[in-house]
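Next comes coords-v7.pdb, with PDB, C-alpha atoms, pLDDT in the B column.
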```
ATOM      1  CA  VAL A   1     -10.893   4.137  -7.250  1.00 79.00           C
ATOM      2  CA  ASP A   2      -9.973   7.208  -5.179  1.00 83.00           C
ATOM      3  CA  ALA A   3     -12.654   9.255  -6.933  1.00 84.00           C
ATOM      4  CA  VAL A   4     -15.335   6.685  -6.056  1.00 86.00           C
ATOM      5  CA  ARG A   5     -14.148   6.573  -2.455  1.00 87.00           C
ATOM      6  CA  GLY A   6     -14.421  10.355  -2.423  1.00 86.00           C
ATOM      7  CA  LEU A   7     -18.043  10.049  -3.568  1.00 87.00           C
ATOM      8  CA  ALA A   8     -18.767   7.610  -0.756  1.00 88.00           C
ATOM      9  CA  THR A   9     -17.170   9.806   1.901  1.00 88.00           C
ATOM     10  CA  HIS A  10     -17.766  13.430   0.895  1.00 87.00           C
ATOM     11  CA  GLY A  11     -20.230  13.382  -2.013  1.00 87.00           C
ATOM     12  CA  VAL A  12     -19.891  14.879  -5.484  1.00 86.00           C
ATOM     13  CA  MET A  13     -17.297  17.469  -6.446  1.00 85.00           C
ATOM     14  CA  LYS A  14     -18.098  21.164  -6.381  1.00 84.00           C
ATOM     15  CA  TRP A  15     -17.970  23.327  -9.446  1.00 83.00           C
ATOM     16  CA  PRO A  16     -14.232  24.197  -9.709  1.00 79.00           C
ATOM     17  CA  GLU A  17     -14.894  27.904  -9.201  1.00 80.00           C
ATOM     18  CA  ASP A  18     -16.771  27.145  -5.967  1.00 78.00           C
ATOM     19  CA  ALA A  19     -14.029  24.961  -4.484  1.00 79.00           C
ATOM     20  CA  GLY A  20     -12.972  25.825  -0.945  1.00 78.00           C
ATOM     21  CA  THR A  21     -13.576  24.584   2.564  1.00 81.00           C
ATOM     22  CA  ASP A  22     -17.139  24.995   3.803  1.00 77.00           C
ATOM     23  CA  GLU A  23     -15.906  26.780   6.909  1.00 81.00           C
ATOM     24  CA  VAL A  24     -14.354  29.540   4.818  1.00 80.00           C
ATOM     25  CA  GLN A  25     -17.419  29.689   2.579  1.00 78.00           C
ATOM     26  CA  GLU A  26     -19.619  30.323   5.600  1.00 75.00           C
ATOM     27  CA  LEU A  27     -17.257  32.994   6.926  1.00 78.00           C
ATOM     28  CA  ILE A  28     -17.551  34.975   3.698  1.00 77.00           C
ATOM     29  CA  GLY A  29     -21.344  34.665   3.780  1.00 77.00           C
ATOM     30  CA  ASN A  30     -21.953  31.890   1.271  1.00 79.00           C
ATOM     31  CA  GLU A  31     -24.651  29.346   2.068  1.00 78.00           C
ATOM     32  CA  VAL A  32     -23.478  25.753   2.484  1.00 77.00           C
ATOM     33  CA  GLU A  33     -25.970  22.976   1.829  1.00 79.00           C
ATOM     34  CA  LYS A  34     -25.830  20.361   4.570  1.00 84.00           C
ATOM     35  CA  GLY A  35     -27.751  17.142   4.065  1.00 83.00           C
ATOM     36  CA  PRO A  36     -28.559  14.441   6.643  1.00 85.00           C
ATOM     37  CA  ASN A  37     -25.195  12.706   6.040  1.00 84.00           C
ATOM     38  CA  TYR A  38     -23.131  15.886   5.872  1.00 86.00           C
ATOM     39  CA  LEU A  39     -19.399  15.475   6.435  1.00 85.00           C
ATOM     40  CA  ALA A  40     -17.207  18.425   5.510  1.00 83.00           C
ATOM     41  CA  ASP A  41     -14.473  17.726   2.979  1.00 84.00           C
ATOM     42  CA  PRO A  42     -11.122  18.937   4.393  1.00 85.00           C
ATOM     43  CA  SER A  43      -9.856  19.582   0.857  1.00 84.00           C
ATOM     44  CA  GLY A  44     -12.852  21.725  -0.003  1.00 82.00           C
ATOM     45  CA  LEU A  45     -13.292  19.955  -3.343  1.00 84.00           C
ATOM     46  CA  ARG A  46     -16.502  18.085  -2.506  1.00 87.00           C
ATOM     47  CA  THR A  47     -19.897  19.154  -1.210  1.00 86.00           C
ATOM     48  CA  GLY A  48     -19.727  17.041   1.958  1.00 85.00           C
ATOM     49  CA  ASN A  49     -23.076  15.382   1.215  1.00 85.00           C
ATOM     50  CA  PRO A  50     -22.445  11.669   0.594  1.00 86.00           C
ATOM     51  CA  PRO A  51     -25.157   9.048   0.046  1.00 89.00           C
ATOM     52  CA  ASP A  52     -26.614   7.135   2.962  1.00 88.00           C
ATOM     53  CA  ALA A  53     -24.418   4.743   4.911  1.00 88.00           C
ATOM     54  CA  ASP A  54     -25.591   1.612   3.054  1.00 89.00           C
ATOM     55  CA  MET A  55     -24.882   3.022  -0.402  1.00 89.00           C
ATOM     56  CA  ALA A  56     -21.593   4.492   0.771  1.00 89.00           C
ATOM     57  CA  GLU A  57     -20.568   1.024   1.925  1.00 90.00           C
ATOM     58  CA  VAL A  58     -21.510  -0.427  -1.472  1.00 90.00           C
ATOM     59  CA  LEU A  59     -19.359   2.168  -3.267  1.00 89.00           C
ATOM     60  CA  LYS A  60     -16.375   1.483  -1.023  1.00 90.00           C
ATOM     61  CA  ARG A  61     -16.760  -2.278  -1.395  1.00 90.00           C
ATOM     62  CA  GLU A  62     -16.899  -2.193  -5.192  1.00 90.00           C
ATOM     63  CA  ALA A  63     -13.962   0.220  -5.364  1.00 90.00           C
ATOM     64  CA  GLN A  64     -11.990  -2.094  -3.089  1.00 89.00           C
ATOM     65  CA  SER A  65     -12.859  -5.077  -5.295  1.00 90.00           C
ATOM     66  CA  LEU A  66     -11.522  -3.291  -8.375  1.00 89.00           C
ATOM     67  CA  GLU A  67      -8.371  -2.194  -6.580  1.00 89.00           C
ATOM     68  CA  GLU A  68      -7.672  -5.711  -5.300  1.00 89.00           C
ATOM     69  CA  TYR A  69      -8.177  -7.204  -8.765  1.00 88.00           C
ATOM     70  CA  ILE A  70      -5.478  -5.036 -10.341  1.00 86.00           C
ATOM     71  CA  ASP A  71      -3.115  -5.221  -7.356  1.00 87.00           C
ATOM     72  CA  LYS A  72       0.315  -6.761  -7.946  1.00 81.00           C
ATOM     73  CA  SER A  73      -0.320  -9.264  -5.139  1.00 83.00           C
ATOM     74  CA  GLN A  74      -2.454 -11.180  -7.643  1.00 84.00           C
ATOM     75  CA  VAL A  75       0.811 -12.418  -9.168  1.00 81.00           C
ATOM     76  CA  GLN A  76       1.645 -14.370  -6.005  1.00 81.00           C
ATOM     77  CA  LYS A  77      -1.905 -15.739  -5.993  1.00 84.00           C
ATOM     78  CA  LYS A  78      -1.487 -16.810  -9.639  1.00 84.00           C
ATOM     79  CA  ILE A  79      -4.635 -14.927 -10.669  1.00 85.00           C
ATOM     80  CA  PRO A  80      -4.313 -13.617 -14.256  1.00 84.00           C
ATOM     81  CA  LEU A  81      -5.254 -10.021 -15.076  1.00 84.00           C
ATOM     82  CA  THR A  82      -7.563  -9.728 -18.079  1.00 88.00           C
ATOM     83  CA  MET A  83      -9.272  -6.832 -19.805  1.00 86.00           C
ATOM     84  CA  ASP A  84     -12.608  -8.649 -19.470  1.00 89.00           C
ATOM     85  CA  GLY A  85     -12.073  -8.930 -15.700  1.00 88.00           C
ATOM     86  CA  ILE A  86     -11.175  -5.239 -15.411  1.00 87.00           C
ATOM     87  CA  GLN A  87     -14.149  -4.176 -17.522  1.00 88.00           C
ATOM     88  CA  GLU A  88     -16.504  -6.363 -15.486  1.00 90.00           C
ATOM     89  CA  ARG A  89     -15.439  -4.681 -12.249  1.00 89.00           C
ATOM     90  CA  ILE A  90     -15.563  -1.211 -13.779  1.00 88.00           C
ATOM     91  CA  ASN A  91     -19.137  -1.923 -14.892  1.00 90.00           C
ATOM     92  CA  THR A  92     -19.958  -3.022 -11.343  1.00 91.00           C
ATOM     93  CA  VAL A  93     -18.523   0.205  -9.955  1.00 89.00           C
ATOM     94  CA  ARG A  94     -20.463   2.197 -12.559  1.00 89.00           C
ATOM     95  CA  GLY A  95     -23.671   0.441 -11.521  1.00 90.00           C
ATOM     96  CA  ALA A  96     -23.023   1.204  -7.849  1.00 89.00           C
ATOM     97  CA  VAL A  97     -22.462   4.885  -8.669  1.00 88.00           C
ATOM     98  CA  THR A  98     -25.716   4.962 -10.644  1.00 89.00           C
ATOM     99  CA  MET A  99     -27.584   3.452  -7.684  1.00 89.00           C
ATOM    100  CA  ALA A 100     -26.085   5.964  -5.272  1.00 87.00           C
ATOM    101  CA  TYR A 101     -26.629   8.950  -7.584  1.00 87.00           C
ATOM    102  CA  PRO A 102     -29.595   8.124  -9.892  1.00 87.00           C
ATOM    103  CA  MET A 103     -29.698  11.733 -11.136  1.00 86.00           C
ATOM    104  CA  GLY A 104     -26.138  11.354 -12.402  1.00 85.00           C
ATOM    105  CA  LEU A 105     -22.866  13.045 -11.484  1.00 86.00           C
ATOM    106  CA  PRO A 106     -21.785  16.512 -12.624  1.00 85.00           C
ATOM    107  CA  GLU A 107     -19.573  16.386 -15.701  1.00 85.00           C
ATOM    108  CA  TRP A 108     -16.643  17.891 -13.802  1.00 82.00           C
ATOM    109  CA  ASP A 109     -16.631  15.148 -11.176  1.00 83.00           C
ATOM    110  CA  LEU A 110     -13.575  12.916 -11.512  1.00 82.00           C
ATOM    111  CA  ALA A 111     -15.635   9.769 -10.982  1.00 83.00           C
ATOM    112  CA  HIS A 112     -17.887  10.754 -13.895  1.00 82.00           C
ATOM    113  CA  MET A 113     -14.879  11.523 -16.077  1.00 81.00           C
ATOM    114  CA  ALA A 114     -13.169   8.236 -15.220  1.00 80.00           C
ATOM    115  CA  LEU A 115     -16.283   6.079 -15.715  1.00 80.00           C
ATOM    116  CA  GLU A 116     -18.147   7.809 -18.524  1.00 77.00           C
ATOM    117  CA  GLU A 117     -15.695   9.956 -20.464  1.00 66.00           C
ATOM    118  CA  THR A 118     -14.712   8.338 -23.762  1.00 57.00           C
ATOM    119  CA  ASP A 119     -12.068  10.931 -24.592  1.00 58.00           C
ATOM    120  CA  ILE A 120      -9.478  10.075 -21.945  1.00 59.00           C
ATOM    121  CA  SER A 121      -7.243  12.929 -23.095  1.00 59.00           C
ATOM    122  CA  LYS A 122      -9.547  15.194 -21.055  1.00 58.00           C
ATOM    123  CA  LEU A 123      -8.248  13.492 -17.914  1.00 58.00           C
ATOM    124  CA  GLN A 124      -4.728  14.733 -18.597  1.00 57.00           C
ATOM    125  CA  SER A 125      -5.496  18.033 -16.870  1.00 55.00           C
ATOM    126  CA  THR A 126      -6.467  16.239 -13.639  1.00 56.00           C
ATOM    127  CA  TYR A 127      -4.373  14.351 -11.093  1.00 51.00           C
ATOM    128  CA  LEU A 128      -5.589  11.160 -12.776  1.00 54.00           C
ATOM    129  CA  GLY A 129      -3.621  12.168 -15.842  1.00 54.00           C
ATOM    130  CA  ASN A 130      -0.313  11.655 -14.062  1.00 54.00           C
ATOM    131  CA  SER A 131      -0.705   7.874 -14.336  1.00 55.00           C
ATOM    132  CA  LEU A 132      -2.305   7.728 -17.792  1.00 59.00           C
ATOM    133  CA  ILE A 133      -0.591   6.694 -20.997  1.00 58.00           C
ATOM    134  CA  THR A 134      -3.083   7.664 -23.688  1.00 58.00           C
ATOM    135  CA  ASN A 135      -0.860   6.979 -26.694  1.00 67.00           C
ATOM    136  CA  PRO A 136       0.762   3.522 -26.928  1.00 72.00           C
ATOM    137  CA  ASP A 137       3.462   4.947 -29.187  1.00 75.00           C
ATOM    138  CA  GLU A 138       4.607   7.166 -26.308  1.00 73.00           C
ATOM    139  CA  ALA A 139       4.934   4.284 -23.824  1.00 80.00           C
ATOM    140  CA  THR A 140       8.203   2.629 -22.859  1.00 82.00           C
ATOM    141  CA  LEU A 141       8.731  -0.700 -21.104  1.00 82.00           C
ATOM    142  CA  TRP A 142      11.354  -1.008 -18.355  1.00 81.00           C
ATOM    143  CA  THR A 143      12.785  -3.861 -16.344  1.00 79.00           C
ATOM    144  CA  CYS A 144      15.968  -4.179 -14.266  1.00 77.00           C
ATOM    145  CA  ASN A 145      16.431  -0.436 -14.783  1.00 77.00           C
ATOM    146  CA  LYS A 146      16.847  -1.078 -18.516  1.00 80.00           C
ATOM    147  CA  GLN A 147      14.565   0.050 -21.311  1.00 82.00           C
ATOM    148  CA  PHE A 148      13.223  -2.433 -23.850  1.00 81.00           C
ATOM    149  CA  GLU A 149      13.882  -1.333 -27.404  1.00 80.00           C
ATOM    150  CA  ARG A 150      10.865  -1.535 -29.668  1.00 80.00           C
ATOM    151  CA  GLY A 151      10.960  -4.438 -32.085  1.00 80.00           C
ATOM    152  CA  THR A 152      13.150  -6.619 -29.862  1.00 79.00           C
ATOM    153  CA  LEU A 153      12.237  -9.770 -27.974  1.00 79.00           C
ATOM    154  CA  VAL A 154      12.155 -10.224 -24.224  1.00 73.00           C
ATOM    155  CA  SER A 155      14.850 -12.884 -24.610  1.00 76.00           C
ATOM    156  CA  ASP A 156      17.099 -10.302 -26.268  1.00 76.00           C
ATOM    157  CA  ARG A 157      17.103  -8.317 -23.050  1.00 73.00           C
ATOM    158  CA  LEU A 158      17.166 -11.184 -20.540  1.00 74.00           C
ATOM    159  CA  GLY A 159      19.553 -13.401 -22.470  1.00 70.00           C
ATOM    160  CA  SER A 160      17.460 -16.492 -21.791  1.00 65.00           C
ATOM    161  CA  LYS A 161      14.463 -18.280 -23.232  1.00 66.00           C
ATOM    162  CA  ASN A 162      13.727 -20.134 -20.017  1.00 63.00           C
ATOM    163  CA  GLU A 163       9.980 -19.773 -19.569  1.00 66.00           C
ATOM    164  CA  LYS A 164      10.348 -20.008 -15.774  1.00 72.00           C
ATOM    165  CA  THR A 165      12.153 -16.668 -15.629  1.00 72.00           C
ATOM    166  CA  LYS A 166      10.056 -14.038 -13.857  1.00 74.00           C
ATOM    167  CA  ILE A 167      10.618 -10.295 -14.144  1.00 76.00           C
ATOM    168  CA  ILE A 168       8.852  -7.151 -12.987  1.00 78.00           C
ATOM    169  CA  ALA A 169       8.272  -4.776 -15.889  1.00 79.00           C
ATOM    170  CA  LYS A 170       6.692  -1.323 -15.827  1.00 81.00           C
ATOM    171  CA  LEU A 171       5.229   1.012 -18.427  1.00 80.00           C
ATOM    172  CA  THR A 172       6.091   4.700 -18.280  1.00 80.00           C
ATOM    173  CA  PRO A 173       5.570   7.699 -20.566  1.00 76.00           C
ATOM    174  CA  LYS A 174       8.361   8.084 -23.093  1.00 76.00           C
ATOM    175  CA  ASP A 175      10.024  11.135 -21.554  1.00 74.00           C
ATOM    176  CA  ASP A 176       9.674  10.202 -17.876  1.00 75.00           C
ATOM    177  CA  GLY A 177      12.784   8.054 -17.636  1.00 76.00           C
ATOM    178  CA  PRO A 178      13.074   4.831 -15.610  1.00 78.00           C
ATOM    179  CA  PRO A 179      10.369   4.064 -13.023  1.00 79.00           C
ATOM    180  CA  ALA A 180      11.088   3.717  -9.315  1.00 75.00           C
ATOM    181  CA  ARG A 181      12.844   0.488  -8.389  1.00 75.00           C
ATOM    182  CA  GLU A 182      11.103  -2.247  -6.467  1.00 72.00           C
ATOM    183  CA  PRO A 183      12.118  -2.402  -2.773  1.00 73.00           C
ATOM    184  CA  ILE A 184      14.847  -4.948  -2.000  1.00 74.00           C
ATOM    185  CA  VAL A 185      12.860  -6.268   0.950  1.00 74.00           C
ATOM    186  CA  SER A 186       9.182  -6.926   0.339  1.00 72.00           C
ATOM    187  CA  GLU A 187       6.497  -5.743   2.738  1.00 75.00           C
ATOM    188  CA  ALA A 188       5.799  -9.330   3.856  1.00 77.00           C
ATOM    189  CA  GLU A 189       9.500  -9.930   4.561  1.00 81.00           C
ATOM    190  CA  ARG A 190       9.770  -6.634   6.431  1.00 82.00           C
ATOM    191  CA  ASN A 191       6.781  -7.529   8.590  1.00 84.00           C
ATOM    192  CA  ALA A 192       8.251 -10.972   9.299  1.00 84.00           C
ATOM    193  CA  MET A 193      11.592  -9.457  10.357  1.00 84.00           C
ATOM    194  CA  SER A 194       9.865  -6.906  12.574  1.00 87.00           C
ATOM    195  CA  ALA A 195       7.846  -9.652  14.244  1.00 85.00           C
ATOM    196  CA  TYR A 196      10.999 -11.740  14.794  1.00 83.00           C
ATOM    197  CA  TYR A 197      12.997  -8.902  16.372  1.00 84.00           C
ATOM    198  CA  PHE A 198      10.061  -7.884  18.543  1.00 86.00           C
ATOM    199  CA  LYS A 199       9.710 -11.464  19.788  1.00 84.00           C
ATOM    200  CA  ARG A 200      13.455 -11.632  20.429  1.00 81.00           C
ATOM    201  CA  GLN A 201      13.389  -8.404  22.451  1.00 85.00           C
ATOM    202  CA  GLU A 202      10.504  -9.704  24.518  1.00 84.00           C
ATOM    203  CA  GLU A 203      12.407 -12.926  25.253  1.00 79.00           C
ATOM    204  CA  LEU A 204      15.532 -11.025  26.326  1.00 77.00           C
ATOM    205  CA  LYS A 205      13.450  -8.753  28.515  1.00 80.00           C
ATOM    206  CA  ARG A 206      11.735 -11.735  30.129  1.00 75.00           C
ATOM    207  CA  LEU A 207      15.092 -13.401  30.823  1.00 70.00           C
ATOM    208  CA  ALA A 208      16.454 -10.214  32.340  1.00 71.00           C
ATOM    209  CA  ASP A 209      13.449  -9.918  34.634  1.00 70.00           C
ATOM    210  CA  ALA A 210      13.732 -13.588  35.647  1.00 62.00           C
ATOM    211  CA  GLU A 211      17.368 -13.248  36.701  1.00 59.00           C
ATOM    212  CA  GLY A 212      16.523 -10.535  39.197  1.00 57.00           C
ATOM    213  CA  GLU A 213      18.695  -9.890  42.247  1.00 57.00           C
ATOM    214  CA  ASP A 214      20.022 -13.453  42.651  1.00 59.00           C
ATOM    215  CA  ASP A 215      22.564 -13.218  39.827  1.00 58.00           C
ATOM    216  CA  TYR A 216      25.434 -12.890  42.289  1.00 56.00           C
ATOM    217  CA  LEU A 217      24.790 -16.454  43.556  1.00 59.00           C
ATOM    218  CA  ASN A 218      26.157 -17.745  40.245  1.00 60.00           C
ATOM    219  CA  SER A 219      29.359 -15.696  40.570  1.00 60.00           C
ATOM    220  CA  GLU A 220      32.680 -17.329  41.425  1.00 63.00           C
ATOM    221  CA  TRP A 221      33.256 -15.169  44.507  1.00 59.00           C
ATOM    222  CA  ALA A 222      29.883 -16.272  45.986  1.00 61.00           C
ATOM    223  CA  ASN A 223      30.827 -19.959  45.967  1.00 68.00           C
ATOM    224  CA  PRO A 224      30.999 -21.019  49.687  1.00 69.00           C
ATOM    225  CA  LYS A 225      33.630 -23.642  48.809  1.00 71.00           C
ATOM    226  CA  GLY A 226      35.704 -21.261  46.740  1.00 67.00           C
ATOM    227  CA  LEU A 227      38.223 -20.413  49.500  1.00 65.00           C
ATOM    228  CA  LYS A 228      38.839 -24.097  50.309  1.00 67.00           C
ATOM    229  CA  ARG A 229      39.363 -24.942  46.645  1.00 70.00           C
ATOM    230  CA  ASN A 230      41.839 -22.110  46.226  1.00 67.00           C
ATOM    231  CA  LEU A 231      43.830 -23.134  49.331  1.00 64.00           C
ATOM    232  CA  GLN A 232      43.997 -26.673  48.008  1.00 65.00           C
ATOM    233  CA  GLY A 233      45.115 -25.414  44.602  1.00 65.00           C
ATOM    234  CA  LEU A 234      41.969 -26.607  42.911  1.00 64.00           C
ATOM    235  CA  GLY A 235      40.570 -23.221  41.933  1.00 58.00           C
ATOM    236  CA  ASP A 236      41.247 -23.674  38.223  1.00 59.00           C
ATOM    237  CA  VAL A 237      40.515 -27.370  38.032  1.00 56.00           C
ATOM    238  CA  ARG A 238      37.477 -28.268  35.963  1.00 58.00           C
ATOM    239  CA  ALA A 239      35.928 -31.696  35.489  1.00 53.00           C
ATOM    240  CA  PRO A 240      35.683 -32.724  31.841  1.00 54.00           C
ATOM    241  CA  GLY A 241      32.315 -31.874  30.338  1.00 51.00           C
ATOM    242  CA  LEU A 242      31.194 -29.763  33.315  1.00 48.00           C
ATOM    243  CA  LYS A 243      30.871 -26.027  33.573  1.00 50.00           C
ATOM    244  CA  PHE A 244      31.052 -24.091  36.840  1.00 47.00           C
TER
END
```
Now, as a test, write the supplied structure out as C-alpha cells.
Amino acid sequence: VDAVRGLATHGVMKWPEDAGTDEVQELIGNEVEKGPNYLADPSGLRTGNPPDADMAEVLKREAQSLEEYIDKSQVQKKIPLTMDGIQERINTVRGAVTMAYPMGLPEWDLAHMALEETDISKLQSTYLGNSLITNPDEATLWTCNKQFERGTLVSDRLGSKNEKTKIIAKLTPKDDGPPAREPIVSEAERNAMSAYYFKRQEELKRLADAEGEDDYLNSEWANPKGLKRNLQGLGDVRAPGLKF
C-alpha cells in the first residue's frame, strides 16, 4: 500500500545506486529529469515524476480500498476477511498501476516486487520484509501475551468452548517473541474521553465568565439584613429545606 502511494506521489523508484535527493544530485552536476508533474522526493528514493493528477488519485483510492479491507476495524463492522476479497483488491491495484505506468515498473521498484514478484523471499531484503512471514513453519500465534503451542486447540488455551468468546490473536516470526500488546483504551474511547473533558472545560469556563464581578453579592457579609439577624440571634438559623 505504501509503495503504491509512493508511486502516486513521487513516481517510480530510482536505481539503488542513483538514490539521493535531487538537490544534491544537481549540486554534484548530475542531470535530474523533471516532468510536468515533478515533485521532489524528500527521501531521494524516487524520481519525483508521478503520473497525472487523475491517475494519481486512482492509485491512492485503490490503495486506500485495500488498506481499509484488511483493517482491524472490519471486525467491529462484522465484515469477514477472505483471501478472495484480498486477491480481488490486489488485482484492482495491479490494474491501476498498469494504467498509470503502461510501460511497466522497474524490477527494483517495491510496488513491482510486491505486485508481480512470485518469489516473496526476495522482499526480505527490503523494509517490506519486516512484516512478512514467508514460511508457515516459522510462524507463532500469540494471544493474551501467551503463545499457542502447535497441535493444541484454542479451547486448551482459553479454557472455554463458548463460541461467543472473542480474542485478539497475532502472528509473529518464531524468534521475535510476543507482539506488542493492544492498548487498554481504544482510539474511539480515547476520542470520546477527550471530547467529554473538552466540553466540561468549556462549561466551567462559561460559568466562570458568567459569574463575573457580582459574586460578592452572594456572600454572607454582603447580606443587608445580616447585621439585624445577628443582633437578634438569628444568624445561624436556617429554614428547613432552604439554603442561604
Ground truth for the PyMOL selection byres ((chain A and resi 68) around 12), written as a ChimeraX atom specification: /A:1,61-67,69-75,77,79,81,85-86,89
Selection from above, C-alpha atoms, as a CSV table (one decimal), in the coordinates of the input, can you write it?
```
chain,number,residue,atom,x,y,z
A,1,VAL,CA,-10.9,4.1,-7.2
A,61,ARG,CA,-16.8,-2.3,-1.4
A,62,GLU,CA,-16.9,-2.2,-5.2
A,63,ALA,CA,-14.0,0.2,-5.4
A,64,GLN,CA,-12.0,-2.1,-3.1
A,65,SER,CA,-12.9,-5.1,-5.3
A,66,LEU,CA,-11.5,-3.3,-8.4
A,67,GLU,CA,-8.4,-2.2,-6.6
A,69,TYR,CA,-8.2,-7.2,-8.8
A,70,ILE,CA,-5.5,-5.0,-10.3
A,71,ASP,CA,-3.1,-5.2,-7.4
A,72,LYS,CA,0.3,-6.8,-7.9
A,73,SER,CA,-0.3,-9.3,-5.1
A,74,GLN,CA,-2.5,-11.2,-7.6
A,75,VAL,CA,0.8,-12.4,-9.2
A,77,LYS,CA,-1.9,-15.7,-6.0
A,79,ILE,CA,-4.6,-14.9,-10.7
A,81,LEU,CA,-5.3,-10.0,-15.1
A,85,GLY,CA,-12.1,-8.9,-15.7
A,86,ILE,CA,-11.2,-5.2,-15.4
A,89,ARG,CA,-15.4,-4.7,-12.2
```
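The interatomic distance for the pair CA of Glu57 (chain A) and CA of Met83 (chain A) works out to 25.7 Å.
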Point-to-point distance in Å for CA of Pro178 (chain A) and CA of Lys146 (chain A): 7.6 Å
Gap from CA of Val185 (chain A) to CA of Thr165 (chain A) - Å, one decimal: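 Rounded to one decimal, the two atoms are 19.6 Å apart.
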Picked residues, the PyMOL selection byres ((chain A and resi 39) around 7), expected as a ChimeraX atom specification: /A:10,37-38,40-41,48-49
Hits of the PyMOL selection byres ((chain A and resi 157) around 12) in this structure, as a ChimeraX atom specification: /A:141-156,158-161,167,169
Counting only C-alpha atoms, the option among A:Ala188, A:Leu171, A:Val58, A:Met13 closest to Thr140 (chain A):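 Ranking A:Ala188, A:Leu171, A:Val58, A:Met13 by distance to Thr140 (chain A), first place goes to A:Leu171.
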9 Å contact set for Val4 (chain A), all atoms listed in the file, chain neighbours under 6 positions out, as a VMD selection string: chain A and resid 59 to 60 63 93 97 110 to 111
